[in-house]
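Visitor: The file below is model.cif, mmCIF, C-alpha atoms:
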data_run
#
loop_
_atom_site.label_atom_id
_atom_site.label_comp_id
_atom_site.auth_asym_id
_atom_site.auth_seq_id
_atom_site.Cartn_x
_atom_site.Cartn_y
_atom_site.Cartn_z
CA MET J 1 0.00 0.00 0.00
CA GLU J 2 2.77 2.44 0.91
CA GLN J 3 4.38 1.95 -2.50
CA THR J 4 1.19 2.73 -4.47
CA PRO J 5 1.80 5.88 -6.55
CA LYS J 6 -0.26 8.90 -5.50
CA GLY J 7 -1.68 9.17 -9.01
CA ASN J 8 -3.12 5.64 -8.76
CA ARG J 9 -4.92 6.20 -5.45
CA VAL J 10 -8.53 7.18 -4.84
CA HIS J 11 -8.54 10.82 -3.70
CA ILE J 12 -11.08 11.85 -1.05
CA GLY J 13 -11.64 15.52 -0.21
CA PHE J 14 -13.16 16.78 3.08
CA PHE J 15 -15.24 19.96 2.89
CA GLY J 16 -17.37 22.12 5.16
CA ARG J 17 -17.45 25.38 7.07
CA CYS J 18 -14.86 26.44 9.63
CA ASN J 19 -15.13 24.36 12.82
CA ALA J 20 -17.57 21.92 11.23
CA GLY J 21 -15.33 19.09 12.43
CA LYS J 22 -13.45 18.19 9.21
CA SER J 23 -9.98 18.07 10.72
CA THR J 24 -11.10 16.18 13.83
CA LEU J 25 -12.90 13.72 11.58
CA ILE J 26 -9.78 13.15 9.44
CA ASN J 27 -7.65 12.61 12.54
CA MET J 28 -10.19 10.07 13.77
CA LEU J 29 -10.30 8.35 10.36
CA THR J 30 -6.54 8.08 9.96
CA ASP J 31 -5.99 7.45 13.67
CA GLN J 32 -3.23 10.07 13.46
CA PRO J 33 -2.95 13.82 14.20
CA VAL J 34 -2.85 14.68 10.48
CA SER J 35 -4.64 18.03 10.72
CA LEU J 36 -4.23 20.77 13.31
CA VAL J 37 -7.39 21.05 15.43
CA SER J 38 -8.44 24.25 17.20
CA GLU J 39 -11.58 26.14 18.18
CA VAL J 40 -10.14 29.10 16.28
CA ALA J 41 -11.96 29.43 12.94
CA GLY J 42 -9.73 29.07 9.88
CA THR J 43 -7.11 26.83 11.48
CA THR J 44 -6.79 24.78 8.26
CA THR J 45 -5.42 27.06 5.55
CA ASP J 46 -3.95 25.12 2.62
CA PRO J 47 -5.11 21.61 1.69
CA VAL J 48 -3.41 18.91 3.82
CA SER J 49 -3.16 15.35 2.49
CA LYS J 50 -2.56 11.94 4.05
CA SER J 51 -2.26 8.52 2.42
CA MET J 52 -3.96 5.48 3.95
CA GLU J 53 -5.97 2.42 2.94
CA ILE J 54 -9.75 2.04 3.04
CA LEU J 55 -11.17 -1.31 2.01
CA PRO J 56 -12.51 -2.19 -0.49
CA LEU J 57 -11.40 1.07 -2.15
CA GLY J 58 -7.75 0.23 -1.51
CA PRO J 59 -5.02 2.89 -1.22
CA VAL J 60 -6.46 6.41 -0.91
CA VAL J 61 -5.34 9.99 -0.34
CA ILE J 62 -7.41 12.02 2.15
CA THR J 63 -7.29 15.81 1.76
CA ASP J 64 -8.42 18.32 4.39
CA THR J 65 -9.48 21.73 3.03
CA ALA J 66 -9.97 25.20 4.46
CA GLY J 67 -13.41 26.15 5.79
CA ILE J 68 -15.63 27.28 2.92
CA ASP J 69 -16.75 30.33 4.92
CA ASP J 70 -13.18 31.56 5.52
CA THR J 71 -13.46 35.35 5.73
CA THR J 72 -9.82 36.05 6.47
CA GLU J 73 -7.67 38.22 4.24
CA LEU J 74 -6.42 35.14 2.39
CA GLY J 75 -9.87 33.51 2.24
CA THR J 76 -10.34 34.08 -1.50
CA LEU J 77 -7.04 32.40 -2.33
CA ARG J 78 -7.87 29.50 -0.02
CA MET J 79 -11.22 29.01 -1.75
CA GLU J 80 -9.41 28.84 -5.09
CA LYS J 81 -7.22 26.08 -3.66
CA THR J 82 -10.31 24.27 -2.37
CA GLU J 83 -11.97 24.56 -5.79
CA GLU J 84 -8.89 22.94 -7.34
CA VAL J 85 -9.34 20.01 -4.95
CA VAL J 86 -12.96 19.57 -6.11
CA LYS J 87 -11.74 19.07 -9.68
CA LYS J 88 -9.19 16.41 -8.73
CA ILE J 89 -10.91 14.17 -6.18
CA ASN J 90 -12.81 10.94 -6.76
CA LEU J 91 -14.96 11.11 -3.60
CA ALA J 92 -16.04 13.86 -1.20
CA VAL J 93 -16.99 14.02 2.47
CA TYR J 94 -19.04 17.09 3.40
CA VAL J 95 -19.41 17.91 7.10
CA LEU J 96 -22.36 19.80 8.66
CA ARG J 97 -23.28 20.45 12.31
CA THR J 98 -26.75 19.93 13.74
CA ASP J 99 -26.46 23.09 15.84
CA GLU J 100 -25.94 25.27 12.76
CA GLU J 101 -28.28 25.85 9.86
CA PRO J 102 -26.91 24.99 6.37
CA THR J 103 -25.95 28.24 4.68
CA ALA J 104 -25.87 29.43 1.09
CA ASP J 105 -22.14 28.63 1.17
CA ASP J 106 -22.88 25.04 2.16
CA MET J 107 -25.41 24.59 -0.63
CA HIS J 108 -23.06 26.25 -3.15
CA TRP J 109 -20.22 23.86 -2.42
CA LEU J 110 -22.48 20.82 -2.24
CA GLY J 111 -23.87 21.91 -5.60
CA LEU J 112 -20.35 22.36 -6.99
CA LEU J 113 -19.43 18.83 -5.97
CA LYS J 114 -22.62 17.50 -7.52
CA GLN J 115 -21.99 19.54 -10.68
CA ASN J 116 -18.58 17.86 -10.96
CA ASN J 117 -20.27 14.44 -10.50
CA VAL J 118 -18.26 13.74 -7.34
CA PRO J 119 -19.96 11.11 -5.10
CA ILE J 120 -20.61 12.67 -1.67
CA ALA J 121 -20.76 11.20 1.82
CA LEU J 122 -22.66 13.74 3.92
CA PHE J 123 -21.47 13.57 7.54
CA ILE J 124 -23.85 15.20 10.00
CA ASN J 125 -21.89 16.19 13.10
CA GLU J 126 -24.52 15.73 15.80
CA ILE J 127 -23.72 18.31 18.46
CA ASN J 128 -24.80 17.87 22.07
CA ALA J 129 -25.47 21.52 22.87
CA GLU J 130 -27.04 21.21 26.32
CA ILE J 131 -24.33 23.42 27.79
CA ASP J 132 -25.18 26.22 25.38
CA GLN J 133 -28.94 25.72 25.53
CA GLU J 134 -29.72 28.97 27.38
CA ASN J 135 -27.38 30.94 25.14
CA ASP J 136 -28.99 29.44 22.04
CA LYS J 137 -32.49 30.37 23.24
CA GLU J 138 -31.39 33.97 23.58
CA ASN J 139 -30.15 33.89 19.99
CA ASN J 140 -33.24 32.04 18.68
CA ILE J 141 -31.15 29.04 17.59
CA GLU J 142 -32.91 25.70 17.57
CA ASN J 143 -30.74 22.83 18.82
CA LYS J 144 -31.08 19.90 16.41
CA THR J 145 -29.58 16.77 17.86
CA ASP J 146 -31.62 14.34 15.76
CA VAL J 147 -29.94 13.70 12.42
CA SER J 148 -33.06 12.40 10.64
CA THR J 149 -34.99 15.51 11.69
CA TYR J 150 -32.12 17.71 10.52
CA VAL J 151 -32.03 16.10 7.07
CA GLU J 152 -35.81 16.10 6.76
CA THR J 153 -35.93 19.78 7.67
CA HIS J 154 -33.37 20.65 5.00
CA LYS J 155 -34.73 18.87 1.98
CA GLY J 156 -32.15 18.38 -0.71
CA LEU J 157 -29.43 17.17 1.62
CA SER J 158 -30.65 13.57 1.46
CA GLU J 159 -30.74 13.80 -2.34
CA LEU J 160 -27.06 14.71 -2.46
CA ALA J 161 -25.51 12.05 -0.31
CA THR J 162 -25.47 9.18 2.10
CA VAL J 163 -25.96 10.36 5.67
CA ILE J 164 -24.16 8.97 8.70
CA GLY J 165 -25.19 9.63 12.30
CA SER J 166 -23.69 11.36 15.31
CA ALA J 167 -19.96 11.95 15.45
CA ASP J 168 -18.31 10.44 18.48
CA PHE J 169 -14.74 11.27 17.54
CA THR J 170 -13.26 8.96 20.18
CA SER J 171 -15.33 5.94 19.19
CA LYS J 172 -13.62 3.08 17.34
CA ALA J 173 -17.04 1.84 16.29
CA LYS J 174 -17.83 5.23 14.73
CA ARG J 175 -14.50 5.20 12.91
CA LEU J 176 -15.26 1.78 11.42
CA GLU J 177 -18.78 2.94 10.53
CA LEU J 178 -17.45 5.85 8.49
CA LEU J 179 -14.71 3.73 6.88
CA ASP J 180 -17.36 1.21 5.83
CA LEU J 181 -19.46 4.03 4.39
CA LEU J 182 -16.57 5.42 2.33
CA GLY J 183 -15.49 1.95 1.26
CA GLY J 184 -18.96 1.27 -0.13
CA LEU J 185 -19.04 4.34 -2.39
CA THR J 186 -18.17 4.19 -6.08
CA PRO J 187 -15.42 6.71 -6.83
CA LEU J 188 -15.43 8.91 -9.91
CA ASP J 189 -12.97 8.38 -12.79
CA VAL J 190 -10.57 5.85 -11.31
CA GLU J 191 -8.63 3.24 -13.23
CA GLY J 192 -10.49 0.41 -11.53
CA ASP J 193 -9.60 -2.90 -13.16
CA GLN J 194 -8.12 -1.21 -16.22
CA THR J 195 -4.39 -1.78 -16.69
CA LEU J 196 -1.56 -0.28 -18.71
CA LEU J 197 -1.27 -3.39 -20.85
CA GLN J 198 -4.94 -4.31 -21.04
CA GLY J 199 -5.59 -6.39 -24.17
CA LEU J 200 -1.91 -6.36 -25.14
CA VAL J 201 -0.29 -9.12 -23.09
CA GLU J 202 -1.23 -12.73 -22.44
CA GLU J 203 0.34 -15.45 -20.34
CA GLY J 204 3.70 -16.52 -21.74
CA ASP J 205 4.20 -13.42 -23.93
CA THR J 206 7.68 -11.90 -24.06
CA ILE J 207 7.85 -8.10 -23.85
CA ILE J 208 11.09 -6.17 -24.27
CA LEU J 209 11.35 -2.90 -22.35
CA VAL J 210 13.97 -0.41 -23.55
CA CYS J 211 14.99 1.80 -20.63
CA PRO J 212 17.83 4.23 -21.45
CA ILE J 213 20.04 5.13 -18.50
CA ASP J 214 21.17 8.70 -19.08
CA SER J 215 21.78 11.78 -16.93
CA ALA J 216 18.02 12.31 -16.58
CA ALA J 217 17.40 8.80 -15.27
CA PRO J 218 16.97 8.64 -11.46
CA LYS J 219 20.03 7.13 -9.81
CA GLY J 220 19.56 3.59 -8.60
CA ARG J 221 16.00 3.12 -9.83
CA LEU J 222 13.67 3.07 -12.83
CA ILE J 223 10.95 5.64 -13.50
CA LEU J 224 7.40 4.87 -12.40
CA PRO J 225 5.88 3.87 -15.81
CA GLN J 226 8.73 1.38 -16.35
CA VAL J 227 8.20 -0.17 -12.92
CA GLN J 228 4.42 -0.35 -13.42
CA THR J 229 4.86 -2.01 -16.81
CA ILE J 230 7.24 -4.64 -15.43
CA ARG J 231 4.83 -5.41 -12.60
CA GLU J 232 1.89 -5.78 -14.97
CA ILE J 233 3.79 -8.13 -17.27
CA LEU J 234 4.51 -10.28 -14.22
CA ASP J 235 0.84 -10.10 -13.19
CA TYR J 236 -0.11 -11.41 -16.64
CA LYS J 237 2.51 -14.17 -16.18
CA GLY J 238 4.48 -12.85 -19.11
CA LEU J 239 8.23 -12.44 -19.52
CA ALA J 240 9.66 -8.95 -19.01
CA LEU J 241 13.08 -8.41 -20.58
CA VAL J 242 14.81 -5.09 -19.90
CA CYS J 243 17.71 -3.52 -21.78
CA GLN J 244 19.19 -0.22 -22.88
CA THR J 245 18.83 1.06 -26.43
CA GLU J 246 21.99 -0.25 -28.08
CA GLU J 247 21.60 -3.68 -26.49
CA LEU J 248 18.20 -4.18 -28.14
CA PRO J 249 19.40 -6.04 -31.30
CA ALA J 250 21.39 -8.53 -29.23
CA MET J 251 18.40 -9.18 -26.99
CA ILE J 252 16.06 -9.73 -29.94
CA ASN J 253 18.58 -12.05 -31.64
CA SER J 254 18.99 -14.08 -28.45
CA LEU J 255 15.32 -15.05 -28.49
CA LYS J 256 14.07 -18.21 -30.17
CA TYR J 257 10.86 -16.39 -31.11
CA PRO J 258 10.28 -12.65 -31.70
CA PRO J 259 8.90 -10.70 -28.72
CA LYS J 260 5.20 -9.86 -28.60
CA MET J 261 6.06 -6.15 -28.35
CA VAL J 262 8.83 -3.65 -27.70
CA ILE J 263 8.08 -0.76 -25.33
CA CYS J 264 10.59 2.07 -25.07
CA ASP J 265 11.20 5.41 -23.46
CA SER J 266 9.84 8.06 -25.84
CA GLN J 267 13.18 9.85 -25.84
CA ALA J 268 14.71 6.85 -27.61
CA PHE J 269 11.82 6.39 -30.07
CA ASP J 270 13.75 7.15 -33.28
CA ARG J 271 16.70 4.90 -32.48
CA VAL J 272 14.55 2.04 -31.15
CA ASP J 273 12.43 2.28 -34.31
CA GLU J 274 15.58 1.75 -36.38
CA LEU J 275 16.69 -1.22 -34.28
CA THR J 276 13.30 -2.99 -34.08
CA PRO J 277 12.19 -5.10 -37.07
CA SER J 278 9.00 -3.72 -38.62
CA THR J 279 7.23 -7.00 -37.90
CA ILE J 280 7.47 -6.39 -34.15
CA PRO J 281 4.92 -3.94 -32.62
CA LEU J 282 6.51 -0.89 -31.00
CA THR J 283 5.14 1.75 -28.64
CA SER J 284 6.30 3.84 -25.67
CA PHE J 285 5.66 4.06 -21.95
CA SER J 286 4.24 7.57 -22.45
CA ILE J 287 1.68 6.40 -25.01
CA LEU J 288 0.67 3.51 -22.76
CA MET J 289 0.21 6.00 -19.93
CA ALA J 290 -1.86 8.29 -22.17
CA ARG J 291 -4.17 5.37 -22.93
CA PHE J 292 -4.32 4.39 -19.25
CA LYS J 293 -4.87 7.83 -17.75
CA GLY J 294 -6.70 9.82 -20.42
CA LYS J 295 -8.13 9.75 -23.94
CA LEU J 296 -5.53 8.62 -26.44
CA GLN J 297 -7.74 9.54 -29.39
CA ASP J 298 -7.86 13.21 -28.32
CA LEU J 299 -4.09 13.31 -27.85
CA VAL J 300 -3.51 11.75 -31.27
CA ALA J 301 -5.97 14.19 -32.85
CA GLY J 302 -3.88 17.07 -31.50
CA VAL J 303 -0.96 16.04 -33.73
CA GLU J 304 -2.39 17.98 -36.68
CA ALA J 305 -1.73 21.23 -34.84
CA ILE J 306 2.02 20.61 -34.97
CA LYS J 307 1.99 21.28 -38.72
CA ASN J 308 0.40 24.69 -38.13
CA LEU J 309 2.99 25.97 -35.67
CA LYS J 310 4.81 29.08 -36.81
CA ALA J 311 7.00 31.82 -35.36
CA GLY J 312 5.15 33.38 -32.44
CA SER J 313 2.84 30.40 -31.81
CA LYS J 314 2.13 29.92 -28.09
CA VAL J 315 2.85 26.43 -26.76
CA LEU J 316 2.25 25.23 -23.20
CA ILE J 317 4.49 22.38 -22.00
CA SER J 318 2.97 20.89 -18.86
CA GLU J 319 4.57 18.44 -16.42
CA GLY J 320 2.46 16.52 -13.91
CA CYS J 321 5.28 16.19 -11.39
CA THR J 322 7.72 18.60 -9.76
CA HIS J 323 11.03 16.79 -10.15
CA ARG J 324 14.27 18.72 -10.12
CA ARG J 325 15.12 19.89 -13.63
CA GLN J 326 18.24 18.37 -15.18
CA CYS J 327 20.43 20.00 -17.83
CA ASP J 328 18.80 17.78 -20.46
CA ASP J 329 15.29 17.73 -18.97
CA ILE J 330 12.76 16.36 -21.45
CA GLY J 331 10.10 19.02 -20.96
CA THR J 332 12.20 22.18 -20.77
CA VAL J 333 15.16 21.15 -22.93
CA LYS J 334 14.74 18.08 -25.14
CA ILE J 335 11.26 18.76 -26.51
CA PRO J 336 11.99 22.45 -27.29
CA ASN J 337 15.21 21.37 -29.03
CA LEU J 338 13.38 18.68 -30.98
CA LEU J 339 10.77 21.22 -32.12
CA LYS J 340 13.56 23.53 -33.29
CA LYS J 341 15.27 20.68 -35.12
CA GLN J 342 12.03 20.03 -36.97
CA GLY J 343 11.88 23.69 -38.05
CA HIS J 344 9.52 25.04 -35.40
CA THR J 345 11.55 28.04 -34.28
CA ASP J 346 10.72 31.22 -32.37
CA LEU J 347 7.84 29.61 -30.49
CA GLN J 348 6.50 31.28 -27.34
CA LEU J 349 7.00 28.49 -24.82
CA GLU J 350 5.41 28.46 -21.38
CA PHE J 351 5.85 25.79 -18.71
CA THR J 352 3.79 24.46 -15.79
CA SER J 353 4.46 21.62 -13.37
CA GLY J 354 2.75 19.68 -10.61
CA GLY J 355 -0.81 20.73 -9.86
CA ALA J 356 -0.55 23.94 -11.87
CA PHE J 357 -2.62 24.02 -15.07
CA PRO J 358 -4.28 27.17 -16.49
CA LYS J 359 -8.07 27.45 -16.43
CA ASP J 360 -7.93 29.41 -19.69
CA VAL J 361 -5.95 27.50 -22.31
CA SER J 362 -7.62 29.13 -25.31
CA GLN J 363 -4.60 31.40 -25.71
CA TYR J 364 -2.36 28.49 -26.70
CA ASP J 365 -1.90 27.02 -30.17
CA LEU J 366 -0.84 23.69 -28.67
CA ILE J 367 -0.53 21.97 -25.29
CA ILE J 368 2.19 19.36 -24.88
CA HIS J 369 1.58 17.28 -21.74
CA CYS J 370 3.78 14.70 -20.02
CA GLY J 371 2.72 11.07 -19.61
CA ALA J 372 0.98 12.08 -16.35
CA CYS J 373 2.10 9.08 -14.32
CA MET J 374 1.90 11.19 -11.13
CA LEU J 375 -1.62 12.55 -11.78
CA THR J 376 -4.97 10.87 -11.18
CA ARG J 377 -7.03 9.77 -14.15
CA ARG J 378 -9.69 12.31 -13.13
CA GLU J 379 -7.16 15.16 -13.27
CA VAL J 380 -5.80 14.04 -16.65
CA LEU J 381 -9.31 13.75 -18.11
CA ARG J 382 -10.14 17.21 -16.74
CA ARG J 383 -7.10 18.74 -18.40
CA ILE J 384 -7.86 17.05 -21.73
CA GLU J 385 -11.51 18.11 -21.53
CA CYS J 386 -10.44 21.67 -20.66
CA ALA J 387 -8.35 21.77 -23.83
CA VAL J 388 -10.94 20.14 -26.08
CA VAL J 389 -13.81 22.35 -24.86
CA GLN J 390 -11.73 25.50 -25.44
CA GLY J 391 -10.65 24.31 -28.87
CA THR J 392 -6.95 23.96 -28.00
CA PRO J 393 -5.12 20.95 -29.47
CA ILE J 394 -3.36 18.77 -26.89
CA VAL J 395 -0.77 16.01 -27.32
CA ASN J 396 1.44 14.17 -24.86
CA TYR J 397 5.19 13.66 -24.92
CA GLY J 398 5.10 10.20 -26.49
CA VAL J 399 2.60 11.13 -29.19
CA LEU J 400 4.49 14.34 -30.05
CA ILE J 401 7.92 12.69 -30.23
CA ALA J 402 6.62 9.81 -32.37
CA ALA J 403 4.95 12.29 -34.72
CA LEU J 404 8.06 14.46 -35.05
CA HIS J 405 10.12 11.37 -35.90
CA GLY J 406 7.54 10.21 -38.44
CA ILE J 407 6.70 6.99 -36.61
CA LEU J 408 3.37 7.84 -34.99
CA GLU J 409 1.44 5.37 -37.13
CA ARG J 410 3.67 2.55 -35.92
CA ALA J 411 3.63 3.73 -32.31
CA ILE J 412 -0.17 3.76 -32.06
CA SER J 413 -0.84 0.70 -34.23
CA PRO J 414 -1.48 -1.58 -31.21
CA PHE J 415 -4.39 0.72 -30.24
CA ILE J 416 -5.68 1.75 -33.66
CA ASP J 417 -9.09 0.10 -33.23
CA GLU J 418 -9.59 1.89 -29.89
CA ILE J 419 -8.62 5.24 -31.42
CA LYS J 420 -10.97 4.84 -34.37
CA GLY J 421 -13.74 3.50 -32.14
#
Can you turn what I pasted into structure tokens?

Guide:
Amino acid sequence: MEQTPKGNRVHIGFFGRCNAGKSTLINMLTDQPVSLVSEVAGTTTDPVSKSMEILPLGPVVITDTAGIDDTTELGTLRMEKTEEVVKKINLAVYVLRTDEEPTADDMHWLGLLKQNNVPIALFINEINAEIDQENDKENNIENKTDVSTYVETHKGLSELATVIGSADFTSKAKRLELLDLLGGLTPLDVEGDQTLLQGLVEEGDTIILVCPIDSAAPKGRLILPQVQTIREILDYKGLALVCQTEELPAMINSLKYPPKMVICDSQAFDRVDELTPSTIPLTSFSILMARFKGKLQDLVAGVEAIKNLKAGSKVLISEGCTHRRQCDDIGTVKIPNLLKKQGHTDLQLEFTSGGAFPKDVSQYDLIIHCGACMLTRREVLRRIECAVVQGTPIVNYGVLIAALHGILERAISPFIDEIKG
């Protein structure tokens, strides 16, 4: 569980007003002091995340967000951060208190989650307000300690979510109750049973993986897509053979029968194409990831825009992770150099990394996105949809590099029926 990549986990966001009980609830769920708890409104500022496992969902990431009624000086910026979380999560937990009436803010954010098709678990924090009873009478506040009455009074809440009862934050039984509730929900846009190599590998198949070890390769380890691919080949009971680029011919010649497929790092696409007989299918880790995380057909369709690039064209190159840039970094160095080599000079290049991705991408003539191994499928689909809706062509690294080397048709041939379909 600890080794499951963040991008392959189910992401659960916790929302609600200040002091609704979100942070206390997360600490109870994780059985750890993940979030700072205080009676002071606005204690949680930026989103705070914690990885854990919830069965049968499996590995998840839980994210605590700032109170949606944050009126501090930085409240607007915090709400923007919270809105970003809405667009990335697969499930939501919304927390209300029975001693407070739902506000327009509550209904706005519940509506926003529903608008984004995020399944919601509505947690009603049943407050025992006997101590404040006299004070509440003076302020004409009705104490609602019955959850069913609370939901019935505020019609629309029950339509949005599953409701769970009173919150005893020290109760192990209550913790298990909520975990069971979350585990029974169907998350939005997750990989599920889909795999990187779905429909491509069968038991006994031999797959050769070409993994160049250069200055950009992490010392002592392989990159995530390579590791995932090896694991999946083993899961399918296939044979995973790994080599560097120039060792490929010797590996192929050592086999009694040709391999089922060769999969390479996109940066070595042109050379691996030369070294791999045309009778052997060839693709890249990046293209596999594009198929796994997003919509390969949309990324392939974006290739046409490459031909229309001219001096002054605006191109966004977007990385899903925030690794330290090397001198020959693929996104900031190799791809720009490859574009220049193909005659696309004087482009206006802009770069983003990690969670950063512009809301308005209509200004760009092309978006070039990484393989997105560190992003959730929901986030990748959102970015692709954002581009498609705004009429901006989008490709990913593998698709772009194959196209620039004139081998795109070969690189996507294993998936041609899916792309056309």

Visitor: Considering all atoms listed in the file, return as JSON, numbers by chain whatever protein or nucleic-acid residues lie within 6 Å of range 275-284 of chain J, sequence-local ones (same chain, fewer than 6 positions apart) excluded.

Guide: {"J": [261, 262, 263, 264, 265, 266, 411]}

Visitor: Report, in Å to a single decimal, how far apart CA of Ile233 in chain J and CA of Ala402 in chain J are.

Guide: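 CA of Ala402 in chain J sits 23.6 Å away from CA of Ile233 in chain J.
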
Visitor: Give me, as JSON lines, each residue of range 17-113 of chain J that comes within 8 Å of range 375-391 of chain J, together with its shortest interatomic pair and the distance in Å at one decimal, counting only C-alpha atoms, with rows ordered by chain and rising residue number.

Guide:
{"residue": "J:Lys87", "atom": "CA", "partner": "J:Glu379", "partner_atom": "CA", "distance": 7.0}
{"residue": "J:Lys88", "atom": "CA", "partner": "J:Glu379", "partner_atom": "CA", "distance": 5.1}
{"residue": "J:Ile89", "atom": "CA", "partner": "J:Arg378", "partner_atom": "CA", "distance": 7.3}
{"residue": "J:Asn90", "atom": "CA", "partner": "J:Arg378", "partner_atom": "CA", "distance": 7.2}

Visitor: From the list J:Gly13, J:Gly294, J:Gly21, J:Gly398, which residue is nearest Val95 in chain J when using only C-alpha atoms?

Guide: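 When distances to Val95 in chain J are compared using only C-alpha atoms, the smallest one comes from J:Gly21.
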
Visitor: Rounded to one decimal, what separation in Å do you get between CA of Met289 in chain J and CA of Leu255 in chain J?

Guide: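 Separation between CA of Met289 in chain J and CA of Leu255 in chain J: 27.3 Å.
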
Visitor: Evaluated on this file, the PyMOL selection byres ((chain J and resi 418) around 12) picks out some residues - which ones are they, written as a PyMOL selection string?

Guide: chain J and resi 198-199+291+295-298+300+412-417+419-421

Visitor: Name every residue that the PyMOL selection byres ((chain J and resi 404) around 12) selects in this structure, writing the answer as an MDAnalysis selection string with chains first and numbers rising.

Guide: chainID J and resid 266:267 269:270 303:307 335:344 395 397:403 405:409 411

Visitor: Go through the shown structure with the PyMOL selection byres ((chain J and resi 245) around 8) and write out the matching residues as a PyMOL selection string.

Guide: chain J and resi 210-212+243-244+246-248+268+271-272

Visitor: I'd like the interatomic distance between CA of Leu196 in chain J and CA of Asp235 in chain J, to a tenth of an Å.

Guide: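 Between CA of Leu196 in chain J and CA of Asp235 in chain J the gap is 11.5 Å.
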
Visitor: Extract, using all atoms listed in the file, all DNA, RNA and protein residues at most 7 Å from Ile394 in chain J, discarding same-chain residues fewer than 5 positions from it, and format them as an NGL selection string.

Guide: :J and (299 or 302 or 366-368 or 387)

Visitor: Write the residues you've just listed into a file as a short mmCIF file (atom, residue, chain, number, x, y, z; two decimals), in the frame of the given file, and include C-alpha atoms for each of them.

Guide:
data_model
loop_
_atom_site.label_atom_id
_atom_site.label_comp_id
_atom_site.auth_asym_id
_atom_site.auth_seq_id
_atom_site.Cartn_x
_atom_site.Cartn_y
_atom_site.Cartn_z
CA LEU J 299 -4.09 13.31 -27.85
CA GLY J 302 -3.88 17.07 -31.50
CA LEU J 366 -0.84 23.69 -28.67
CA ILE J 367 -0.53 21.97 -25.29
CA ILE J 368 2.19 19.36 -24.88
CA ALA J 387 -8.35 21.77 -23.83
#

Visitor: Within 12 Å of range 177-186 of chain J, which residues of range 40-117 of chain J show up? Give each one with its shortest atom-to-atom distance in Å (one decimal) and the two atoms involved, counting only C-alpha atoms, rows by chain then rising residue number, as CSV.

Guide:
residue,atom,partner,partner_atom,distance
J:Met52,CA,J:Leu179,CA,11.3
J:Glu53,CA,J:Leu179,CA,9.7
J:Ile54,CA,J:Gly183,CA,6.0
J:Leu55,CA,J:Gly183,CA,5.5
J:Pro56,CA,J:Gly183,CA,5.4
J:Leu57,CA,J:Gly183,CA,5.4
J:Gly58,CA,J:Gly183,CA,8.4
J:Pro59,CA,J:Gly183,CA,10.8
J:Val60,CA,J:Gly183,CA,10.3
J:Ile62,CA,J:Leu182,CA,11.3
J:Asn90,CA,J:Thr186,CA,8.6
J:Leu91,CA,J:Leu185,CA,8.0
J:Ala92,CA,J:Leu182,CA,9.2
J:Val93,CA,J:Leu182,CA,8.6
J:Tyr94,CA,J:Leu182,CA,12.0
J:Asn117,CA,J:Thr186,CA,11.4

Visitor: Given the selection you just returned, output its residues as a file containing C-alpha atoms, formatted as an mmCIF file, in the coordinates of the input.

Guide:
data_model
loop_
_atom_site.group_PDB
_atom_site.id
_atom_site.type_symbol
_atom_site.label_atom_id
_atom_site.label_comp_id
_atom_site.auth_asym_id
_atom_site.auth_seq_id
_atom_site.Cartn_x
_atom_site.Cartn_y
_atom_site.Cartn_z
ATOM 1 C CA MET J 52 -3.960 5.480 3.950
ATOM 2 C CA GLU J 53 -5.970 2.420 2.940
ATOM 3 C CA ILE J 54 -9.750 2.040 3.040
ATOM 4 C CA LEU J 55 -11.170 -1.310 2.010
ATOM 5 C CA PRO J 56 -12.510 -2.190 -0.490
ATOM 6 C CA LEU J 57 -11.400 1.070 -2.150
ATOM 7 C CA GLY J 58 -7.750 0.230 -1.510
ATOM 8 C CA PRO J 59 -5.020 2.890 -1.220
ATOM 9 C CA VAL J 60 -6.460 6.410 -0.910
ATOM 10 C CA ILE J 62 -7.410 12.020 2.150
ATOM 11 C CA ASN J 90 -12.810 10.940 -6.760
ATOM 12 C CA LEU J 91 -14.960 11.110 -3.600
ATOM 13 C CA ALA J 92 -16.040 13.860 -1.200
ATOM 14 C CA VAL J 93 -16.990 14.020 2.470
ATOM 15 C CA TYR J 94 -19.040 17.090 3.400
ATOM 16 C CA ASN J 117 -20.270 14.440 -10.500
#

Visitor: Between J:Tyr150, J:Leu309, J:Thr71, J:Met28, single out the one closest to Lys174 in chain J, counting all atoms listed in the file.

Guide: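 Of J:Tyr150, J:Leu309, J:Thr71, J:Met28, the one nearest Lys174 in chain J, counting all atoms listed in the file, is J:Met28.
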
Visitor: Around all listed atoms of range 24-32 of chain J, padded 4 Å per side, what centre and edge lengths does the axis-aligned box have in Å to one decimal, as AutoDock Vina command-line options?

Guide:
--center_x -8.1 --center_y 11.8 --center_z 11.6 --size_x 17.7 --size_y 16.7 --size_z 12.4

Visitor: Taking into account all atoms listed in the file, which residue in the set J:Ile287, J:Ala301, J:Leu25, J:Ala311 is nearest to Arg410 in chain J?

Guide: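 When distances to Arg410 in chain J are compared using all atoms listed in the file, the smallest one comes from J:Ile287.
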
Visitor: So, counting only C-alpha atoms, which residue among J:Ala372, J:Leu239, J:Val48, J:Leu122 is closest to Leu224 in chain J?

Guide: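 Under the stated criterion, the closest residue is J:Ala372.
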
Visitor: Show which residues sit within 10 Å of Thr82 in chain J, as a VMD selection string. Count all atoms listed in the file, and ignore same-chain residues fewer than 4 positions away.

Guide: chain J and resid 13 to 15 45 to 47 63 to 68 76 to 78 86 to 87 109

Visitor: At a cut-off of 10 Å around the point (-12.9, 6.7, 13.4) (file coordinates), what residues fall inside when counting only C-alpha atoms? I'd like the answer as a PyMOL selection string.

Guide: chain J and resi 24-31+167-179
